[in-house]
Amino acid sequence: MPDLNFNNDVEAIEAFVAKYGELRKEIAKVIVGQDEIIKNILMVMFSRSHALLIGVPGLAKTLMITTIAKTINLTYNRIQFTPDLMPSDIMGTEILDENKKFKFVKGPVFANIVLADEINRTPPKTQSALLEAMQERSVSMNGVTYQLPDPFFVLATQNPIEQEGTYPLPEAQQDRFMFNISLDYPTFDDEVNVVKSTIHGKMVEPNPILTMEEILFYQNLLQKIPISDNVYEYAVKLATMTRPNTELAHPWANDYLAWGAGPRASQFLIIGARTHAVINGKYSPDIEDVRAVAPNILRHRIIKNYKAEAEGISIDDIIQKLMYA
């Protein structure tokens, strides 16, 4: 059992930062480059939330998530989303046992980390099976509620370029994801190192760095981090500026947005800023921490209008404009 008896919260935060550094080093033994992506995934996990990873095939999304699961010693299930996938294939189903009584057989969602691979390849009915699990951390079947394990994270992947045979995620489902993480191609040097380290068929096995008890302890520790009023106000102001034709809307929101972010964005901006501050060795978040997490939080919560499309203005352009307004 890990020793989690610290004299004070400052000591605990220092231990967390050290563990976080160990975690990053261990993951780097398997995953070459993609440092920012790994940081964002870990931030979501320590924030007790979920992430949507958008990237073309071959960027090691699945390997990345599998490696992280191994380094923090949690149970892990992968669900390959396909057009014929049913809600029961995710949540589980009831069967008749030998005594002719119904017995619930748990589905793959009953794990600490669930990889929803290519989540937009399955119809909305099946996508929505994850909604309760992500929000309530439970599954309901015939009037009985089954609690999911704690900690619980959904990490979903999506291919941005292949649209045939896909079903766009409903806004309500997208809103459950704290981060929308965009993966780009590796740098030239990183790709050379990837090829060198993988063509011989030998894969490094990562060592577990964190236990489940440590994860839960550090998650609770982060919830105690003090936050000043000016940080709360900046986060809420940033979210409200995205809402076109409202009192606090930014001119760019009125010109280029069809829809703005809801209150959950304000909550996630504070939660994300808090985690970002601590992993960088700070004891309280500031406005720069809010700005650091804002693109990943707002990217899937605001919708461009036709004028923005016509003028070639991206969602990230709009977010940058609003952050420094």
# chains A, B, ... in the order shown; residues from 1 in each chain; ligands from 1

$ residues_around --residues "segment 124-130 of chain A" --least-positions-apart "3" --cutoff "6 Å" --atoms "only C-alpha atoms" --output "ChimeraX atom specification"
/A:86-87,133-134

$ residues_around --residues "segment 105-113 of chain A" --least-positions-apart "4" --cutoff "7 Å" --atoms "only C-alpha atoms" --output "PyMOL selection string"
chain A and resi 69+74-77+89-94+148-154

$ write_last_selection --atoms "N, CA and C atoms" --output "compact mmCIF listing (two decimals), in the first residue's frame"
# COMPACT_ATOMS: atom_id res chain seq x y z
N ALA A 69 -3.26 3.18 -19.17
CA ALA A 69 -3.97 2.25 -18.27
C ALA A 69 -3.01 1.34 -17.53
N LEU A 74 -4.91 0.22 -13.69
CA LEU A 74 -6.37 0.20 -13.61
C LEU A 74 -6.92 -0.82 -14.61
N THR A 75 -8.15 -1.27 -14.37
CA THR A 75 -8.79 -2.18 -15.33
C THR A 75 -9.15 -1.39 -16.58
N TYR A 76 -9.07 -2.07 -17.72
CA TYR A 76 -9.22 -1.37 -19.01
C TYR A 76 -9.99 -2.24 -19.98
N ASN A 77 -10.98 -1.66 -20.65
CA ASN A 77 -11.71 -2.36 -21.71
C ASN A 77 -11.80 -1.48 -22.95
N ASP A 89 -24.45 -4.38 -25.72
CA ASP A 89 -23.06 -4.75 -25.95
C ASP A 89 -22.11 -3.86 -25.14
N ILE A 90 -22.61 -2.73 -24.68
CA ILE A 90 -21.81 -1.79 -23.89
C ILE A 90 -22.11 -1.97 -22.40
N MET A 91 -23.41 -1.94 -22.06
CA MET A 91 -23.79 -1.91 -20.65
C MET A 91 -23.85 -3.30 -20.01
N GLY A 92 -24.25 -4.29 -20.80
CA GLY A 92 -24.46 -5.62 -20.27
C GLY A 92 -25.90 -6.06 -20.52
N THR A 93 -26.21 -7.26 -20.13
CA THR A 93 -27.55 -7.80 -20.40
C THR A 93 -27.96 -8.77 -19.31
N GLU A 94 -29.25 -9.04 -19.25
CA GLU A 94 -29.76 -10.02 -18.28
C GLU A 94 -29.95 -11.36 -18.97
N LEU A 148 -20.74 1.95 -11.36
CA LEU A 148 -19.50 1.67 -12.09
C LEU A 148 -18.31 1.81 -11.15
N PRO A 149 -17.19 1.20 -11.49
CA PRO A 149 -16.03 1.28 -10.59
C PRO A 149 -15.51 2.71 -10.49
N ASP A 150 -14.83 3.00 -9.40
CA ASP A 150 -14.23 4.31 -9.18
C ASP A 150 -12.73 4.11 -9.00
N PRO A 151 -11.91 4.79 -9.77
CA PRO A 151 -12.21 5.83 -10.77
C PRO A 151 -12.77 5.25 -12.07
N PHE A 152 -13.43 6.12 -12.84
CA PHE A 152 -14.04 5.71 -14.11
C PHE A 152 -13.82 6.80 -15.15
N PHE A 153 -13.23 6.41 -16.28
CA PHE A 153 -12.96 7.37 -17.36
C PHE A 153 -13.39 6.78 -18.70
N VAL A 154 -14.02 7.59 -19.53
CA VAL A 154 -14.29 7.21 -20.92
C VAL A 154 -13.37 8.04 -21.81

$ closest_atom_pairs --of "segment 191-303 of chain A" --to "segment 309-321 of chain A" --cutoff "8 Å" --atoms "only C-alpha atoms" --output "JSON lines"
{"residue": "A:Trp252", "atom": "CA", "partner": "A:Ile318", "partner_atom": "CA", "distance": 7.1}
{"residue": "A:Ala253", "atom": "CA", "partner": "A:Ile318", "partner_atom": "CA", "distance": 7.8}
{"residue": "A:Ala294", "atom": "CA", "partner": "A:Ile319", "partner_atom": "CA", "distance": 7.7}
{"residue": "A:Pro295", "atom": "CA", "partner": "A:Ile319", "partner_atom": "CA", "distance": 6.4}
{"residue": "A:Leu298", "atom": "CA", "partner": "A:Ile319", "partner_atom": "CA", "distance": 7.4}
{"residue": "A:Arg299", "atom": "CA", "partner": "A:Ile315", "partner_atom": "CA", "distance": 6.4}
{"residue": "A:Ile302", "atom": "CA", "partner": "A:Ile315", "partner_atom": "CA", "distance": 7.6}
{"residue": "A:Ile303", "atom": "CA", "partner": "A:Ile315", "partner_atom": "CA", "distance": 7.7}

$ write_last_selection --atoms "N, CA and C atoms" --output "short mmCIF file (atom, residue, chain, number, x, y, z; two decimals), in the first residue's frame"
data_model
loop_
_atom_site.label_atom_id
_atom_site.label_comp_id
_atom_site.auth_asym_id
_atom_site.auth_seq_id
_atom_site.Cartn_x
_atom_site.Cartn_y
_atom_site.Cartn_z
N TRP A 252 -17.39 38.91 -31.94
CA TRP A 252 -17.06 37.77 -32.81
C TRP A 252 -18.07 36.64 -32.63
N ALA A 253 -18.61 36.48 -31.42
CA ALA A 253 -19.63 35.45 -31.21
C ALA A 253 -20.89 35.80 -32.00
N ALA A 294 -8.62 26.23 -22.11
CA ALA A 294 -9.84 26.70 -22.79
C ALA A 294 -10.05 26.10 -24.19
N PRO A 295 -9.03 26.03 -25.07
CA PRO A 295 -9.31 25.47 -26.41
C PRO A 295 -9.88 24.06 -26.36
N LEU A 298 -13.61 24.36 -24.97
CA LEU A 298 -14.61 25.09 -25.76
C LEU A 298 -14.76 24.56 -27.19
N ARG A 299 -13.75 23.87 -27.68
CA ARG A 299 -13.70 23.47 -29.09
C ARG A 299 -14.95 22.72 -29.56
N ILE A 302 -18.90 25.06 -28.98
CA ILE A 302 -19.38 26.21 -29.75
C ILE A 302 -19.48 25.81 -31.22
N ILE A 303 -20.47 26.36 -31.90
CA ILE A 303 -20.74 25.96 -33.28
C ILE A 303 -20.64 27.19 -34.19
#

$ closest_residue --among "A:Met203, A:Ala51, A:Ala12, A:Ile65" --to "Ile181 of chain A" --atoms "only C-alpha atoms"
A:Ala51

$ residues_around --residues "segment 239-242 of chain A" --least-positions-apart "4" --cutoff "7 Å" --atoms "only C-alpha atoms" --output "list in words"
Ala235, Leu248, Ala249, His250, Ala253, Gly260, Ala261, Ala265 and Ser266 of chain A

$ write_last_selection --atoms "C-alpha atoms" --output "compact mmCIF listing (two decimals), in the first residue's frame"
# COMPACT_ATOMS: atom_id res chain seq x y z
CA ALA A 235 -13.86 31.47 -16.61
CA LEU A 248 -22.34 39.56 -22.60
CA ALA A 249 -21.66 38.15 -26.09
CA HIS A 250 -18.41 39.13 -27.78
CA ALA A 253 -19.63 35.45 -31.21
CA GLY A 260 -22.29 29.11 -27.61
CA ALA A 261 -21.03 27.08 -24.66
CA ALA A 265 -18.04 24.81 -19.92
CA SER A 266 -17.59 27.27 -17.03

$ residues_around --residues "His276 of chain A" --least-positions-apart "2" --cutoff "8 Å" --atoms "only C-alpha atoms" --output "list of chain:residue names"
A:Met43, A:Gly272, A:Ala273, A:Arg274, A:Val278, A:Ile279, A:Asn280, A:Pro285, A:Asp289, A:Ala292, A:Val293

$ select_by_dssp --residues "segment 167-210 of chain A" --states "strand (DSSP E)" --output "number ranges by chain"
A: 179-182

$ select_by_dssp --residues "segment 75-204 of chain A" --states "alpha helix (DSSP H)" --output "ChimeraX atom specification"
/A:87-91,124-127,129-136,171-174,188-198

$ write_last_selection --atoms "C-alpha atoms" --output "short mmCIF file (atom, residue, chain, number, x, y, z; two decimals), in the first residue's frame"
data_model
loop_
_atom_site.label_atom_id
_atom_site.label_comp_id
_atom_site.auth_asym_id
_atom_site.auth_seq_id
_atom_site.Cartn_x
_atom_site.Cartn_y
_atom_site.Cartn_z
CA PRO A 87 -26.60 -0.74 -26.08
CA SER A 88 -26.47 -4.14 -24.33
CA ASP A 89 -23.06 -4.75 -25.95
CA ILE A 90 -21.81 -1.79 -23.89
CA MET A 91 -23.79 -1.91 -20.65
CA PRO A 124 -27.20 7.59 -31.66
CA LYS A 125 -29.23 4.95 -29.75
CA THR A 126 -26.03 3.09 -28.91
CA GLN A 127 -23.97 6.25 -28.41
CA ALA A 129 -25.88 4.17 -23.80
CA LEU A 130 -22.71 5.85 -22.62
CA LEU A 131 -24.53 9.02 -21.48
CA GLU A 132 -25.71 7.72 -18.12
CA ALA A 133 -22.41 5.96 -17.51
CA MET A 134 -20.42 9.13 -18.18
CA GLN A 135 -22.64 11.47 -16.17
CA GLU A 136 -24.04 9.33 -13.35
CA GLU A 171 -24.32 17.96 -28.65
CA ALA A 172 -25.56 16.53 -25.32
CA GLN A 173 -23.09 13.65 -25.63
CA GLN A 174 -20.21 15.89 -26.68
CA PHE A 188 9.81 14.52 -38.54
CA ASP A 189 12.28 13.56 -35.77
CA ASP A 190 9.55 11.93 -33.66
CA GLU A 191 8.36 9.90 -36.64
CA VAL A 192 11.91 8.69 -37.32
CA ASN A 193 12.14 7.55 -33.68
CA VAL A 194 8.72 5.84 -33.91
CA VAL A 195 9.82 3.85 -36.95
CA LYS A 196 13.15 2.91 -35.31
CA SER A 197 11.48 1.70 -32.11
CA THR A 198 8.66 -0.31 -33.69
#

$ residues_around --residues "segment 223-233 of chain A" --least-positions-apart "2" --cutoff "8 Å" --atoms "only C-alpha atoms" --output "list in words"
Gln219, Asn220, Leu221, Ala235, Val236, Lys237, Ile270, Arg274, Tyr283, Ser284, Pro285, Asp286, Ile287 and Val290 of chain A

$ write_last_selection --atoms "C-alpha atoms" --output "CSV table (one decimal), in the first residue's frame"
chain,number,residue,atom,x,y,z
A,219,GLN,CA,-8.3,13.4,-7.3
A,220,ASN,CA,-9.7,14.3,-3.9
A,221,LEU,CA,-6.6,16.5,-3.2
A,235,ALA,CA,-13.9,31.5,-16.6
A,236,VAL,CA,-17.6,32.4,-16.5
A,237,LYS,CA,-17.0,35.5,-18.6
A,270,ILE,CA,-12.2,25.9,-13.5
A,274,ARG,CA,-7.0,23.7,-11.2
A,283,TYR,CA,-0.8,25.8,-5.4
A,284,SER,CA,-3.7,27.8,-7.0
A,285,PRO,CA,-4.8,28.4,-10.6
A,286,ASP,CA,-4.6,31.8,-12.3
A,287,ILE,CA,-6.1,33.2,-15.5
A,290,VAL,CA,-7.8,28.9,-17.6

$ closest_residue --among "A:Ala277, A:Ile27, A:Ala258, A:Leu222" --to "Asp9 of chain A" --atoms "only C-alpha atoms"
A:Leu222

$ atom_distance --atom1 "atom CA of Leu216 of chain A" --atom2 "atom CA of Ala18 of chain A"
16.3 Å

$ decode --residues "segment 1-69 of chain A" --atoms "C-alpha atoms" --output "PDB file, in the first residue's frame"
ATOM      1  CA  MET A   1       0.000   0.000   0.000  1.00  0.00           C
ATOM      2  CA  PRO A   2       1.327   3.485  -0.858  1.00  0.00           C
ATOM      3  CA  ASP A   3       2.104   5.879   1.990  1.00  0.00           C
ATOM      4  CA  LEU A   4      -0.400   8.709   1.673  1.00  0.00           C
ATOM      5  CA  ASN A   5       0.017  10.136   5.177  1.00  0.00           C
ATOM      6  CA  PHE A   6       1.277  13.630   4.414  1.00  0.00           C
ATOM      7  CA  ASN A   7       1.785  16.342   7.023  1.00  0.00           C
ATOM      8  CA  ASN A   8      -0.152  18.897   4.981  1.00  0.00           C
ATOM      9  CA  ASP A   9      -1.662  19.536   1.540  1.00  0.00           C
ATOM     10  CA  VAL A  10       1.470  21.302   0.288  1.00  0.00           C
ATOM     11  CA  GLU A  11       3.500  18.155   0.933  1.00  0.00           C
ATOM     12  CA  ALA A  12       0.814  16.082  -0.799  1.00  0.00           C
ATOM     13  CA  ILE A  13       0.858  18.367  -3.852  1.00  0.00           C
ATOM     14  CA  GLU A  14       4.644  18.054  -4.085  1.00  0.00           C
ATOM     15  CA  ALA A  15       4.311  14.255  -3.961  1.00  0.00           C
ATOM     16  CA  PHE A  16       1.647  14.411  -6.683  1.00  0.00           C
ATOM     17  CA  VAL A  17       3.871  16.528  -8.963  1.00  0.00           C
ATOM     18  CA  ALA A  18       6.722  14.039  -8.468  1.00  0.00           C
ATOM     19  CA  LYS A  19       4.441  11.081  -9.272  1.00  0.00           C
ATOM     20  CA  TYR A  20       3.100  12.892 -12.318  1.00  0.00           C
ATOM     21  CA  GLY A  21       6.685  13.344 -13.566  1.00  0.00           C
ATOM     22  CA  GLU A  22       7.390   9.620 -13.074  1.00  0.00           C
ATOM     23  CA  LEU A  23       4.193   8.790 -14.958  1.00  0.00           C
ATOM     24  CA  ARG A  24       5.174  10.938 -17.940  1.00  0.00           C
ATOM     25  CA  LYS A  25       8.641   9.330 -18.099  1.00  0.00           C
ATOM     26  CA  GLU A  26       7.205   5.813 -18.008  1.00  0.00           C
ATOM     27  CA  ILE A  27       4.674   6.556 -20.759  1.00  0.00           C
ATOM     28  CA  ALA A  28       7.456   8.114 -22.870  1.00  0.00           C
ATOM     29  CA  LYS A  29       9.212   4.705 -22.935  1.00  0.00           C
ATOM     30  CA  VAL A  30       6.381   3.454 -25.157  1.00  0.00           C
ATOM     31  CA  ILE A  31       4.909   6.579 -26.779  1.00  0.00           C
ATOM     32  CA  VAL A  32       7.353   8.720 -28.747  1.00  0.00           C
ATOM     33  CA  GLY A  33       6.402  12.411 -28.826  1.00  0.00           C
ATOM     34  CA  GLN A  34       2.748  13.424 -28.349  1.00  0.00           C
ATOM     35  CA  ASP A  35       3.750  14.952 -24.979  1.00  0.00           C
ATOM     36  CA  GLU A  36       0.985  17.548 -25.040  1.00  0.00           C
ATOM     37  CA  ILE A  37      -1.653  14.919 -25.843  1.00  0.00           C
ATOM     38  CA  ILE A  38      -0.525  12.665 -22.990  1.00  0.00           C
ATOM     39  CA  LYS A  39      -0.527  15.644 -20.605  1.00  0.00           C
ATOM     40  CA  ASN A  40      -4.105  16.482 -21.621  1.00  0.00           C
ATOM     41  CA  ILE A  41      -5.338  12.905 -21.163  1.00  0.00           C
ATOM     42  CA  LEU A  42      -3.749  12.694 -17.707  1.00  0.00           C
ATOM     43  CA  MET A  43      -5.260  16.061 -16.764  1.00  0.00           C
ATOM     44  CA  VAL A  44      -8.720  14.768 -17.662  1.00  0.00           C
ATOM     45  CA  MET A  45      -8.197  11.619 -15.616  1.00  0.00           C
ATOM     46  CA  PHE A  46      -7.009  13.460 -12.514  1.00  0.00           C
ATOM     47  CA  SER A  47     -10.003  15.795 -12.991  1.00  0.00           C
ATOM     48  CA  ARG A  48     -12.415  12.799 -12.795  1.00  0.00           C
ATOM     49  CA  SER A  49     -13.745  13.358 -16.308  1.00  0.00           C
ATOM     50  CA  HIS A  50     -13.711  12.098 -19.904  1.00  0.00           C
ATOM     51  CA  ALA A  51     -11.950  12.998 -23.154  1.00  0.00           C
ATOM     52  CA  LEU A  52     -12.698  12.845 -26.883  1.00  0.00           C
ATOM     53  CA  LEU A  53      -9.613  12.297 -29.065  1.00  0.00           C
ATOM     54  CA  ILE A  54      -9.881  13.464 -32.670  1.00  0.00           C
ATOM     55  CA  GLY A  55      -7.194  12.280 -35.069  1.00  0.00           C
ATOM     56  CA  VAL A  56      -6.516  10.399 -38.287  1.00  0.00           C
ATOM     57  CA  PRO A  57      -5.676   6.665 -38.112  1.00  0.00           C
ATOM     58  CA  GLY A  58      -2.155   5.652 -37.189  1.00  0.00           C
ATOM     59  CA  LEU A  59      -1.409   8.274 -34.539  1.00  0.00           C
ATOM     60  CA  ALA A  60      -1.205   5.678 -31.719  1.00  0.00           C
ATOM     61  CA  LYS A  61      -4.413   6.775 -29.995  1.00  0.00           C
ATOM     62  CA  THR A  62      -5.251   3.244 -28.848  1.00  0.00           C
ATOM     63  CA  LEU A  63      -1.649   2.440 -27.844  1.00  0.00           C
ATOM     64  CA  MET A  64      -1.487   5.689 -25.889  1.00  0.00           C
ATOM     65  CA  ILE A  65      -4.605   4.879 -23.862  1.00  0.00           C
ATOM     66  CA  THR A  66      -3.544   1.249 -23.301  1.00  0.00           C
ATOM     67  CA  THR A  67      -0.134   2.416 -22.064  1.00  0.00           C
ATOM     68  CA  ILE A  68      -1.662   4.946 -19.674  1.00  0.00           C
ATOM     69  CA  ALA A  69      -3.974   2.247 -18.273  1.00  0.00           C
TER      70      ALA A  69
END
